[in-house]
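Next up, start-v5.txt (compact mmCIF, C-alpha atoms and all ligand atoms):
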```
# COMPACT_ATOMS: atom_id res chain seq x y z
CA MET A 1 38.38 -39.19 41.02
CA GLU A 2 37.90 -40.90 37.72
CA ASN A 3 35.91 -38.23 35.94
CA ASN A 4 38.89 -35.88 36.28
CA LYS A 5 39.42 -35.55 32.53
CA GLN A 6 35.79 -34.61 32.23
CA MET A 7 36.30 -31.84 34.78
CA ARG A 8 39.14 -30.22 32.93
CA LYS A 9 37.36 -30.45 29.62
CA TRP A 10 34.89 -27.64 30.24
CA LEU A 11 37.72 -25.14 30.53
CA ASP A 12 39.65 -26.55 27.55
CA ASP A 13 36.47 -26.45 25.49
CA MET A 14 36.27 -22.70 26.07
CA ASN A 15 39.47 -22.38 24.02
CA LEU A 16 40.47 -19.17 25.73
CA PRO A 17 43.57 -17.39 24.44
CA HIS A 18 44.49 -16.51 28.05
CA PRO A 19 43.70 -17.70 31.60
CA LEU A 20 40.07 -17.45 32.66
CA VAL A 21 39.30 -13.99 34.04
CA ILE A 22 36.47 -13.34 36.47
CA ALA A 23 36.09 -9.69 37.50
CA GLY A 24 33.53 -7.32 38.94
CA PRO A 25 32.69 -5.74 42.27
CA CYS A 26 32.88 -7.50 45.63
CA SER A 27 29.20 -6.61 46.10
CA ALA A 28 26.36 -5.54 43.88
CA GLU A 29 25.38 -2.20 45.44
CA THR A 30 22.96 -0.49 43.04
CA GLU A 31 21.70 -1.21 39.56
CA ASP A 32 23.69 1.74 38.19
CA GLN A 33 26.91 0.58 39.85
CA VAL A 34 26.52 -3.00 38.58
CA LEU A 35 25.83 -1.84 35.01
CA LYS A 36 28.50 0.85 34.97
CA ILE A 37 31.29 -1.54 35.95
CA ALA A 38 30.00 -4.19 33.54
CA HIS A 39 30.09 -1.73 30.64
CA ASP A 40 33.64 -0.72 31.63
CA LEU A 41 34.67 -4.39 31.47
CA LYS A 42 32.76 -5.27 28.33
CA ASP A 43 35.54 -5.07 25.76
CA THR A 44 38.34 -6.47 27.90
CA ASP A 45 39.66 -9.99 28.50
CA VAL A 46 37.09 -10.51 31.27
CA ASN A 47 35.11 -13.72 30.71
CA TYR A 48 32.76 -13.70 33.69
CA TYR A 49 31.29 -10.75 35.55
CA ARG A 50 31.18 -11.32 39.29
CA ALA A 51 29.09 -9.53 41.93
CA GLY A 52 28.24 -10.70 45.44
CA ILE A 53 24.47 -10.61 46.01
CA TRP A 54 24.43 -12.26 49.45
CA LYS A 55 27.49 -11.29 51.48
CA PRO A 56 28.50 -13.58 54.32
CA ARG A 57 30.00 -11.11 56.80
CA THR A 58 32.10 -12.25 59.70
CA ARG A 59 30.49 -9.70 62.04
CA PRO A 60 26.86 -8.53 61.84
CA GLY A 61 26.09 -4.93 61.06
CA ASN A 62 28.14 -4.70 57.85
CA PHE A 63 26.55 -4.54 54.42
CA GLU A 64 25.06 -8.01 53.85
CA GLY A 65 24.24 -7.71 50.18
CA VAL A 66 21.25 -6.45 48.23
CA GLY A 67 19.67 -9.90 47.93
CA ALA A 68 17.65 -11.37 45.07
CA ILE A 69 17.00 -8.00 43.39
CA GLY A 70 20.67 -8.01 42.40
CA LEU A 71 20.08 -11.08 40.25
CA LYS A 72 17.86 -8.96 38.01
CA TRP A 73 20.74 -6.51 37.61
CA LEU A 74 23.04 -9.39 36.60
CA GLN A 75 20.48 -10.47 34.01
CA LYS A 76 20.58 -6.95 32.66
CA VAL A 77 24.39 -7.10 32.54
CA LYS A 78 24.14 -10.16 30.32
CA GLU A 79 21.56 -8.54 28.03
CA GLU A 80 23.42 -5.25 27.69
CA THR A 81 27.04 -6.41 27.54
CA GLY A 82 27.00 -10.10 26.65
CA LEU A 83 29.21 -10.84 29.66
CA LYS A 84 28.51 -14.09 31.44
CA THR A 85 27.68 -13.72 35.13
CA ALA A 86 28.91 -15.15 38.44
CA THR A 87 27.80 -14.95 42.05
CA GLU A 88 28.29 -16.64 45.42
CA VAL A 89 25.70 -19.07 46.76
CA ALA A 90 25.59 -20.14 50.39
CA ASN A 91 22.41 -22.22 50.72
CA ARG A 92 19.70 -24.02 48.75
CA ASN A 93 17.58 -20.90 48.41
CA HIS A 94 20.47 -18.94 46.86
CA VAL A 95 21.09 -21.79 44.41
CA ASP A 96 17.44 -21.94 43.35
CA LEU A 97 17.27 -18.17 42.83
CA ALA A 98 20.60 -18.01 40.97
CA LEU A 99 19.58 -20.83 38.63
CA GLU A 100 16.18 -19.21 38.05
CA HIS A 101 17.95 -16.02 36.98
CA ASP A 102 20.35 -17.93 34.74
CA VAL A 103 23.61 -17.02 36.50
CA ASP A 104 26.37 -18.80 34.55
CA LEU A 105 28.91 -19.48 37.25
CA LEU A 106 28.24 -20.09 40.93
CA TRP A 107 30.89 -20.19 43.60
CA ILE A 108 30.90 -21.47 47.14
CA GLY A 109 32.51 -19.00 49.55
CA ALA A 110 35.28 -19.71 52.02
CA ARG A 111 32.92 -19.46 54.99
CA SER A 112 30.67 -22.10 53.46
CA THR A 113 33.38 -24.59 52.49
CA VAL A 114 34.15 -25.06 56.18
CA SER A 115 30.68 -26.52 56.76
CA PRO A 116 30.03 -30.02 55.36
CA PHE A 117 26.26 -29.68 55.96
CA ILE A 118 26.06 -26.47 53.94
CA VAL A 119 28.30 -27.87 51.21
CA GLN A 120 26.07 -30.96 51.00
CA GLU A 121 22.93 -28.82 50.86
CA ILE A 122 24.40 -26.78 47.99
CA ALA A 123 25.61 -29.94 46.23
CA ASP A 124 22.10 -31.44 46.45
CA ALA A 125 20.52 -28.25 45.14
CA LEU A 126 22.96 -28.19 42.21
CA GLU A 127 22.59 -31.89 41.31
CA GLY A 128 23.35 -32.42 37.62
CA THR A 129 23.66 -28.72 36.74
CA ASP A 130 25.55 -27.69 33.61
CA LYS A 131 26.59 -24.38 35.21
CA ILE A 132 30.19 -23.82 36.25
CA VAL A 133 30.65 -24.35 40.00
CA LEU A 134 33.81 -23.18 41.76
CA ILE A 135 34.69 -24.04 45.34
CA LYS A 136 36.73 -21.57 47.35
CA ASN A 137 39.20 -22.95 49.86
CA PRO A 138 37.94 -23.01 53.45
CA VAL A 139 38.97 -20.05 55.65
CA ASN A 140 41.31 -22.29 57.64
CA PRO A 141 44.26 -24.09 56.04
CA ASP A 142 42.62 -27.53 56.06
CA LEU A 143 43.13 -29.39 52.79
CA SER A 144 40.66 -32.15 53.73
CA LEU A 145 37.76 -29.73 54.03
CA TRP A 146 38.53 -28.40 50.58
CA LEU A 147 38.91 -31.89 49.11
CA GLY A 148 35.73 -33.00 50.88
CA ALA A 149 33.77 -30.19 49.27
CA VAL A 150 35.15 -31.15 45.83
CA GLU A 151 34.10 -34.75 46.45
CA ARG A 152 30.58 -33.76 47.57
CA LEU A 153 30.04 -31.58 44.49
CA ALA A 154 31.55 -34.17 42.14
CA SER A 155 29.18 -36.79 43.58
CA SER A 156 26.29 -34.52 42.63
CA ASN A 157 27.27 -35.05 39.04
CA ILE A 158 28.42 -31.50 38.39
CA LYS A 159 30.57 -31.57 35.26
CA LYS A 160 32.00 -28.08 35.21
CA LEU A 161 33.73 -28.07 38.55
CA GLY A 162 36.75 -26.05 39.66
CA VAL A 163 38.32 -24.45 42.72
CA ILE A 164 39.31 -20.97 43.82
CA HIS A 165 42.36 -20.35 45.99
CA ARG A 166 41.65 -17.25 48.14
CA GLY A 167 44.14 -17.76 50.97
CA PHE A 168 43.71 -18.70 54.62
CA SER A 169 43.13 -16.66 57.74
CA THR A 170 45.61 -16.66 60.60
CA TYR A 171 45.74 -15.15 64.05
CA GLU A 172 49.12 -13.70 63.21
CA LYS A 173 49.35 -10.31 61.52
CA THR A 174 50.99 -10.68 58.10
CA LYS A 175 51.24 -8.52 54.99
CA TYR A 176 48.39 -10.58 53.55
CA ARG A 177 44.72 -10.44 54.47
CA ASN A 178 44.64 -14.23 54.00
CA ILE A 179 48.02 -15.94 53.68
CA PRO A 180 48.37 -17.84 50.41
CA GLU A 181 49.94 -21.06 51.76
CA TRP A 182 50.74 -21.88 48.13
CA GLN A 183 51.83 -25.40 49.03
CA LEU A 184 48.21 -26.25 49.91
CA ALA A 185 46.98 -25.15 46.50
CA ILE A 186 49.86 -27.07 44.90
CA GLU A 187 48.88 -30.16 46.87
CA LEU A 188 45.27 -29.85 45.77
CA GLN A 189 46.46 -29.45 42.17
CA SER A 190 48.55 -32.59 42.42
CA LYS A 191 45.62 -34.57 43.90
CA PHE A 192 43.25 -33.35 41.15
CA PRO A 193 45.47 -32.34 38.22
CA ASP A 194 42.47 -31.98 35.96
CA LEU A 195 40.46 -29.70 38.20
CA PRO A 196 40.82 -26.09 37.01
CA ILE A 197 42.20 -23.82 39.74
CA ILE A 198 41.56 -20.08 39.83
CA ASN A 199 43.47 -17.65 42.02
CA ASP A 200 41.73 -14.84 43.93
CA PRO A 201 44.49 -12.30 44.64
CA SER A 202 41.93 -9.80 45.98
CA HIS A 203 41.03 -11.78 49.08
CA ILE A 204 44.60 -13.07 49.52
CA THR A 205 46.14 -9.61 49.60
CA GLY A 206 43.37 -7.35 50.86
CA LYS A 207 45.36 -4.53 49.20
CA ARG A 208 45.11 -3.43 45.61
CA ASP A 209 48.82 -2.69 45.18
CA MET A 210 49.78 -6.30 45.90
CA ILE A 211 47.39 -7.85 43.39
CA PHE A 212 49.75 -7.89 40.43
CA ASP A 213 52.51 -9.82 42.23
CA VAL A 214 50.19 -12.48 43.62
CA SER A 215 48.53 -12.88 40.21
CA GLN A 216 51.93 -13.38 38.59
CA THR A 217 52.94 -16.00 41.14
CA ALA A 218 49.65 -17.81 40.48
CA LEU A 219 50.27 -17.85 36.73
CA ASP A 220 53.85 -19.03 37.29
CA LEU A 221 52.36 -21.91 39.28
CA ASN A 222 50.14 -22.78 36.30
CA PHE A 223 46.86 -21.56 37.74
CA ASP A 224 44.07 -21.58 35.17
CA GLY A 225 42.59 -18.20 35.91
CA LEU A 226 42.14 -15.19 38.14
CA MET A 227 39.22 -13.65 40.00
CA ILE A 228 39.90 -9.96 40.68
CA GLU A 229 37.49 -7.61 42.44
CA THR A 230 36.92 -4.54 40.29
CA HIS A 231 34.95 -1.38 41.06
CA HIS A 232 34.65 1.95 39.22
CA ASP A 233 35.17 3.82 42.52
CA PRO A 234 36.98 1.36 44.80
CA ASP A 235 37.36 3.65 47.80
CA SER A 236 33.60 4.13 48.01
CA ALA A 237 32.81 0.41 47.72
CA TRP A 238 30.37 -0.90 50.32
CA SER A 239 32.61 -3.91 51.02
CA ASP A 240 36.30 -4.75 50.56
CA ALA A 241 37.17 -1.20 49.47
CA ALA A 242 40.95 -1.50 49.97
CA GLN A 243 41.39 -4.47 47.66
CA GLN A 244 39.30 -3.50 44.65
CA VAL A 245 40.93 -2.12 41.50
CA THR A 246 39.45 0.11 38.82
CA PRO A 247 38.56 -1.38 35.43
CA SER A 248 41.47 0.48 33.79
CA ARG A 249 43.91 -0.85 36.38
CA LEU A 250 42.57 -4.35 35.76
CA VAL A 251 43.25 -3.99 32.04
CA GLN A 252 46.80 -2.83 32.83
CA ILE A 253 47.36 -5.78 35.17
CA MET A 254 46.18 -8.20 32.49
CA GLN A 255 48.48 -6.58 29.94
CA ASP A 256 51.53 -6.77 32.21
CA LEU A 257 51.09 -10.34 33.41
CA ARG A 258 53.42 -12.85 31.79
CA ILE A 259 51.30 -15.75 30.67
CA ARG A 260 52.97 -19.03 29.91
CA LYS A 261 51.38 -21.16 27.28
CA GLU A 262 52.08 -24.86 26.87
CA THR A 263 52.10 -25.53 23.16
CA ASP A 264 55.10 -27.72 22.36
CA ALA A 265 57.78 -29.75 24.14
CA GLU A 266 59.98 -26.69 24.66
CA ALA A 267 57.09 -24.73 26.13
CA GLU A 268 56.21 -27.64 28.36
CA TYR A 269 59.77 -27.80 29.64
CA ASN A 270 59.77 -24.06 30.31
CA SER A 271 56.43 -24.22 32.00
CA LYS A 272 57.52 -27.09 34.25
CA LEU A 273 60.71 -25.25 35.06
CA SER A 274 58.93 -22.02 35.95
CA ASN A 275 56.43 -23.96 38.02
CA LEU A 276 59.27 -25.53 40.03
CA ARG A 277 61.04 -22.18 40.32
CA ALA A 278 57.89 -20.55 41.59
CA GLN A 279 57.65 -23.28 44.24
CA ILE A 280 61.27 -22.57 45.22
CA ASP A 281 60.51 -18.85 45.47
CA VAL A 282 57.58 -19.54 47.75
CA ILE A 283 59.68 -21.80 49.97
CA ASP A 284 62.60 -19.31 50.06
CA ASN A 285 60.20 -16.64 51.28
CA GLN A 286 58.99 -19.01 53.96
CA LEU A 287 62.60 -19.70 55.00
CA ILE A 288 63.31 -16.00 55.46
CA ASP A 289 60.03 -15.55 57.28
CA ILE A 290 60.70 -18.41 59.67
CA LEU A 291 64.28 -17.26 60.31
CA GLY A 292 62.94 -13.80 61.12
CA LYS A 293 60.56 -15.38 63.62
CA ARG A 294 63.37 -17.41 65.17
CA MET A 295 65.40 -14.23 65.72
CA LYS A 296 62.42 -12.52 67.37
CA VAL A 297 62.19 -15.40 69.85
CA SER A 298 65.92 -15.08 70.33
CA ASP A 299 65.51 -11.38 71.17
CA GLY A 300 63.02 -12.44 73.86
CA ILE A 301 65.61 -14.78 75.35
CA GLY A 302 68.11 -11.93 75.23
CA GLU A 303 65.71 -9.81 77.31
CA LEU A 304 65.41 -12.57 79.90
CA LYS A 305 69.15 -13.10 80.07
CA LYS A 306 69.64 -9.38 80.48
CA GLN A 307 67.26 -9.26 83.46
CA LYS A 308 68.99 -12.21 85.10
CA ASN A 309 72.44 -11.11 83.99
CA VAL A 310 73.22 -14.48 82.37
CA ALA A 311 75.83 -15.11 79.64
CA VAL A 312 74.61 -15.21 76.05
CA LEU A 313 76.38 -18.39 75.05
CA GLN A 314 75.12 -21.56 76.79
CA THR A 315 77.29 -24.36 75.37
CA ASN A 316 75.30 -27.36 76.67
CA ARG A 317 72.08 -26.15 75.19
CA TRP A 318 73.79 -25.40 71.89
CA ASN A 319 75.36 -28.88 71.59
CA ALA A 320 72.03 -30.51 72.37
CA ILE A 321 70.30 -28.53 69.60
CA LEU A 322 73.01 -29.42 67.10
CA GLY A 323 72.86 -33.16 67.82
CA LYS A 324 69.09 -33.17 67.41
CA MET A 325 69.14 -31.18 64.20
CA ILE A 326 71.81 -33.37 62.60
CA LEU A 327 69.54 -36.38 63.15
CA GLU A 328 66.48 -34.51 61.85
CA GLY A 329 68.48 -33.36 58.83
CA GLU A 330 69.61 -36.88 58.06
CA SER A 331 66.00 -38.06 57.91
CA LYS A 332 65.30 -35.32 55.32
CA GLY A 333 68.32 -36.12 53.17
CA LEU A 334 70.48 -33.22 54.41
CA SER A 335 74.18 -33.85 55.01
CA GLU A 336 75.69 -33.41 58.46
CA GLU A 337 78.12 -30.89 57.03
CA PHE A 338 75.32 -28.73 55.65
CA VAL A 339 73.27 -28.86 58.84
CA LEU A 340 76.31 -27.90 60.88
CA ARG A 341 77.20 -24.97 58.65
CA MET A 342 73.63 -23.74 58.48
CA PHE A 343 73.09 -23.92 62.24
CA LYS A 344 76.41 -22.25 62.93
CA ALA A 345 75.25 -19.32 60.81
CA ILE A 346 71.84 -19.24 62.48
CA HIS A 347 73.42 -19.47 65.90
CA GLN A 348 75.83 -16.64 65.11
CA GLU A 349 72.98 -14.40 63.98
CA SER A 350 71.10 -15.32 67.15
CA ILE A 351 74.08 -14.40 69.32
CA ASN A 352 74.41 -11.07 67.47
CA HIS A 353 70.75 -10.37 68.16
CA GLN A 354 71.04 -11.20 71.86
CA GLU A 355 74.24 -9.19 72.24
CA LYS A 356 72.41 -6.22 70.80
CA VAL A 357 69.51 -6.67 73.24
CA ILE A 358 71.75 -7.15 76.25
CA ASN A 359 73.94 -4.17 75.45
CA ALA A 360 71.06 -1.89 74.50
C1 LIG B 401 33.95 -12.67 47.88
O1 LIG B 401 34.37 -13.26 46.89
O2 LIG B 401 33.54 -11.51 47.87
C2 LIG B 401 34.02 -13.36 49.19
C3 LIG B 401 33.16 -13.13 50.17
O3 LIG B 401 35.08 -14.16 49.25
P1 LIG B 401 35.54 -15.24 50.35
O4 LIG B 401 34.48 -16.29 50.42
O5 LIG B 401 36.81 -15.72 49.70
O6 LIG B 401 35.79 -14.52 51.63
MN MN B 402 35.02 -9.43 48.63
```

Output the structure of this file as structure tokens.
Ligand code: PEP
Ligand code: MN
Amino acid sequence: MENNKQMRKWLDDMNLPHPLVIAGPCSAETEDQVLKIAHDLKDTDVNYYRAGIWKPRTRPGNFEGVGAIGLKWLQKVKEETGLKTATEVANRNHVDLALEHDVDLLWIGARSTVSPFIVQEIADALEGTDKIVLIKNPVNPDLSLWLGAVERLASSNIKKLGVIHRGFSTYEKTKYRNIPEWQLAIELQSKFPDLPIINDPSHITGKRDMIFDVSQTALDLNFDGLMIETHHDPDSAWSDAAQQVTPSRLVQIMQDLRIRKETDAEAEYNSKLSNLRAQIDVIDNQLIDILGKRMKVSDGIGELKKQKNVAVLQTNRWNAILGKMILEGESKGLSEEFVLRMFKAIHQESINHQEKVINA
């Protein structure tokens, strides 16, 4: 995309001394709640005050947002605190109302990014706007959908464009609400290096005590900002109660985060190094995760062998696996010696697991 430099410029022009911070409640609930949290965040590093007005809920019957009345409360936030405002838009009507009420930053939610028709409708409604528009990743780990949404919005001549990484849903139960799949965000960054990318640790983790770590990883990966759900009484929030933090906790998180600035050659080297190291950390975690999964499958085989009273070690099968993996390894630049040693270790662990199952 040739207007890349243009895209990045809006964030650089803000000349922030720290990454962009967007904070505020998941949902606007009452006027008092919206104003109370905004006043708590007024003299902090928060740049944009977020509040969901229309809440796309996966299942009906949950709180679906207060609707357009909430936009008046956001206007009041701006008047009383000077904070700029942000909300989610999911159709043309939302866009028209948000623009009418002078919301400064609009984002497209994960459930909308999956739908090209909706994205196009929003892009058409936003044509030529000078507001900031951020596109959340789609709920499913599909890079093309995310890229497609960026392309649709960019074609609508929106200058201040960016993306939000909020993780991806899976059928599997994990410690995350939405698994980060960092490599997807890294891939998007490398396709559009000048598109600002914001991390949303709230929707990735679903739990307030994990927010600091995910935020730090994002900064280590050179993300440009954070969007963190913040509520004065998180446990009583009408939506996403478990993941919201209090304003004072948010201030603490922002104080404790290590922010890496790129100012000179040395800093650039350090920043590149920490970016690569963060990628290694992500991959190492995936390795451990995948090995854990392999051993679980192995336990299942142990159960079967126990029922049938079959020996743990099946030499033919083992030799076949090794031969295949040596070839696979070669195609990825891994030496035969390394593949052999690694698989010997994996195989030994697998045998230990099965022995344990069989002798249990
Ligand atoms: C939100 O930001 O409150 C929200 C609904 O997020 P997402 O679209 O990432 O689920
Ligand atoms: Mn939320």

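Distance-wise, atom CA of A:Thr58 and atom O6 of ligand LIG 401 (chain B) end up 9.2 Å apart.
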
### Query
With all atoms listed in the file as the basis for distance, which of A:Gln189, A:Asn62, A:Ser115, A:Ser239 is at the shortest distance from ligand LIG 401 (chain B)?
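Comparing A:Gln189, A:Asn62, A:Ser115, A:Ser239 against ligand LIG 401 (chain B), the winner is A:Ser239.
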
(request) List all protein, DNA and RNA residues that have any atom at most 9 Å from ligand MN 402 (chain B), counting all atoms listed in the file, and write the list as an MDAnalysis selection string. (result) chainID A and resid 25:27 51:52 55 202:203 206 229 239:241 243:244

Residues near A:Glu79, anyone? I mean within 12 Å using only C-alpha atoms, not counting same-chain ones fewer than 6 positions away, as a PDB file with C-alpha atoms, in the frame of the given file.
```pdb
ATOM      1  CA  LEU A  35      25.830  -1.840  35.010  1.00  0.00           C
ATOM      2  CA  ALA A  38      30.000  -4.190  33.540  1.00  0.00           C
ATOM      3  CA  HIS A  39      30.090  -1.730  30.640  1.00  0.00           C
ATOM      4  CA  LYS A  42      32.760  -5.270  28.330  1.00  0.00           C
ATOM      5  CA  LYS A  72      17.860  -8.960  38.010  1.00  0.00           C
ATOM      6  CA  TRP A  73      20.740  -6.510  37.610  1.00  0.00           C
ATOM      7  CA  THR A  85      27.680 -13.720  35.130  1.00  0.00           C
ATOM      8  CA  ASP A 102      20.350 -17.930  34.740  1.00  0.00           C
TER       9      ASP A 102
END
```

_Show me which residues are within 10 Å of ligand LIG 401 (chain B) counting only C-alpha atoms and all ligand atoms, and format the list as number ranges by chain._
A: 24-27, 50-58, 87-90, 107-113, 135-139, 164-169, 178, 200-204, 227-229, 239-240

Take the residues from that selection and put them in a file with C-alpha atoms, as a CSV table (one decimal), in the frame of the given file.
```
chain,number,residue,atom,x,y,z
A,24,GLY,CA,33.5,-7.3,38.9
A,25,PRO,CA,32.7,-5.7,42.3
A,26,CYS,CA,32.9,-7.5,45.6
A,27,SER,CA,29.2,-6.6,46.1
A,50,ARG,CA,31.2,-11.3,39.3
A,51,ALA,CA,29.1,-9.5,41.9
A,52,GLY,CA,28.2,-10.7,45.4
A,53,ILE,CA,24.5,-10.6,46.0
A,54,TRP,CA,24.4,-12.3,49.4
A,55,LYS,CA,27.5,-11.3,51.5
A,56,PRO,CA,28.5,-13.6,54.3
A,57,ARG,CA,30.0,-11.1,56.8
A,58,THR,CA,32.1,-12.2,59.7
A,87,THR,CA,27.8,-15.0,42.0
A,88,GLU,CA,28.3,-16.6,45.4
A,89,VAL,CA,25.7,-19.1,46.8
A,90,ALA,CA,25.6,-20.1,50.4
A,107,TRP,CA,30.9,-20.2,43.6
A,108,ILE,CA,30.9,-21.5,47.1
A,109,GLY,CA,32.5,-19.0,49.6
A,110,ALA,CA,35.3,-19.7,52.0
A,111,ARG,CA,32.9,-19.5,55.0
A,112,SER,CA,30.7,-22.1,53.5
A,113,THR,CA,33.4,-24.6,52.5
A,135,ILE,CA,34.7,-24.0,45.3
A,136,LYS,CA,36.7,-21.6,47.4
A,137,ASN,CA,39.2,-23.0,49.9
A,138,PRO,CA,37.9,-23.0,53.4
A,139,VAL,CA,39.0,-20.0,55.6
A,164,ILE,CA,39.3,-21.0,43.8
A,165,HIS,CA,42.4,-20.4,46.0
A,166,ARG,CA,41.6,-17.2,48.1
A,167,GLY,CA,44.1,-17.8,51.0
A,168,PHE,CA,43.7,-18.7,54.6
A,169,SER,CA,43.1,-16.7,57.7
A,178,ASN,CA,44.6,-14.2,54.0
A,200,ASP,CA,41.7,-14.8,43.9
A,201,PRO,CA,44.5,-12.3,44.6
A,202,SER,CA,41.9,-9.8,46.0
A,203,HIS,CA,41.0,-11.8,49.1
A,204,ILE,CA,44.6,-13.1,49.5
A,227,MET,CA,39.2,-13.6,40.0
A,228,ILE,CA,39.9,-10.0,40.7
A,229,GLU,CA,37.5,-7.6,42.4
A,239,SER,CA,32.6,-3.9,51.0
A,240,ASP,CA,36.3,-4.8,50.6
```

Distance in Å - atom CA of A:Asn157 versus atom CA of A:Asp13:
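It comes out at 18.5 Å.
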
- Query: Smallest atom-to-atom distance to A:Ile179: which of A:Ala242, A:Leu304, A:Met342, A:Val214, using only C-alpha atoms?
  - Reply: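 Result for the nearest residue to A:Ile179: A:Val214.
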
Given the choices A:Val103, A:Met295, A:Ala68, A:Val133, which gets closest to A:Asn352 if the distance is worked out from only C-alpha atoms?
->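 With only C-alpha atoms as the atom set, the closest residue is A:Met295.
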
Q | Atomic distance atom CA of A:Leu74 - atom CA of A:Gln216, expressed in Å with one decimal | A |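 Taking atom CA of A:Leu74 as the start and atom CA of A:Gln216 as the end point, the length is 29.2 Å.
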
With distances taken over only C-alpha atoms, the candidate from A:Thr230, A:Ser215, A:Ser155, A:Gln183 nearest A:Lys36 is A:Thr230

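Using only C-alpha atoms for every distance, the candidate list A:Val245, A:Val46, A:Ala345, A:Leu161 yields A:Val46 as the residue closest to A:Ile22.
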
Of A:Ile122, A:Met210, A:Val282, A:Val95, the one sitting nearest A:Ile186 when using only C-alpha atoms is A:Val282

Exercise. Excluding same-chain residues fewer than 3 positions from A:Glu336, what lies within 12 Å of it counting all atoms listed in the file, as a list in words?
Worked result: Leu322, Gly323, Lys324, Met325, Ile326, Leu327, Glu328, Gly329, Glu330, Ser331, Lys332, Gly333, Val339, Leu340, Arg341, Met342 and Phe343 of chain A

Could you save those same residues with C-alpha atoms as a PDB file, in the coordinates of the input?
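So the final result, stored in result_2.pdb, reads:
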```
ATOM      1  CA  LEU A 322      73.010 -29.420  67.100  1.00  0.00           C
ATOM      2  CA  GLY A 323      72.860 -33.160  67.820  1.00  0.00           C
ATOM      3  CA  LYS A 324      69.090 -33.170  67.410  1.00  0.00           C
ATOM      4  CA  MET A 325      69.140 -31.180  64.200  1.00  0.00           C
ATOM      5  CA  ILE A 326      71.810 -33.370  62.600  1.00  0.00           C
ATOM      6  CA  LEU A 327      69.540 -36.380  63.150  1.00  0.00           C
ATOM      7  CA  GLU A 328      66.480 -34.510  61.850  1.00  0.00           C
ATOM      8  CA  GLY A 329      68.480 -33.360  58.830  1.00  0.00           C
ATOM      9  CA  GLU A 330      69.610 -36.880  58.060  1.00  0.00           C
ATOM     10  CA  SER A 331      66.000 -38.060  57.910  1.00  0.00           C
ATOM     11  CA  LYS A 332      65.300 -35.320  55.320  1.00  0.00           C
ATOM     12  CA  GLY A 333      68.320 -36.120  53.170  1.00  0.00           C
ATOM     13  CA  VAL A 339      73.270 -28.860  58.840  1.00  0.00           C
ATOM     14  CA  LEU A 340      76.310 -27.900  60.880  1.00  0.00           C
ATOM     15  CA  ARG A 341      77.200 -24.970  58.650  1.00  0.00           C
ATOM     16  CA  MET A 342      73.630 -23.740  58.480  1.00  0.00           C
ATOM     17  CA  PHE A 343      73.090 -23.920  62.240  1.00  0.00           C
TER      18      PHE A 343
END
```

With all atoms of stretch 188-201 of chain A from the file as input, state the centre and edge lengths in Å to one decimal of the axis-aligned box that has 6 Å extra on each side, as AutoDock Vina command-line options.
```
--center_x 44.5 --center_y -23.4 --center_z 40.9 --size_x 20.1 --size_y 34.3 --size_z 21.8
```
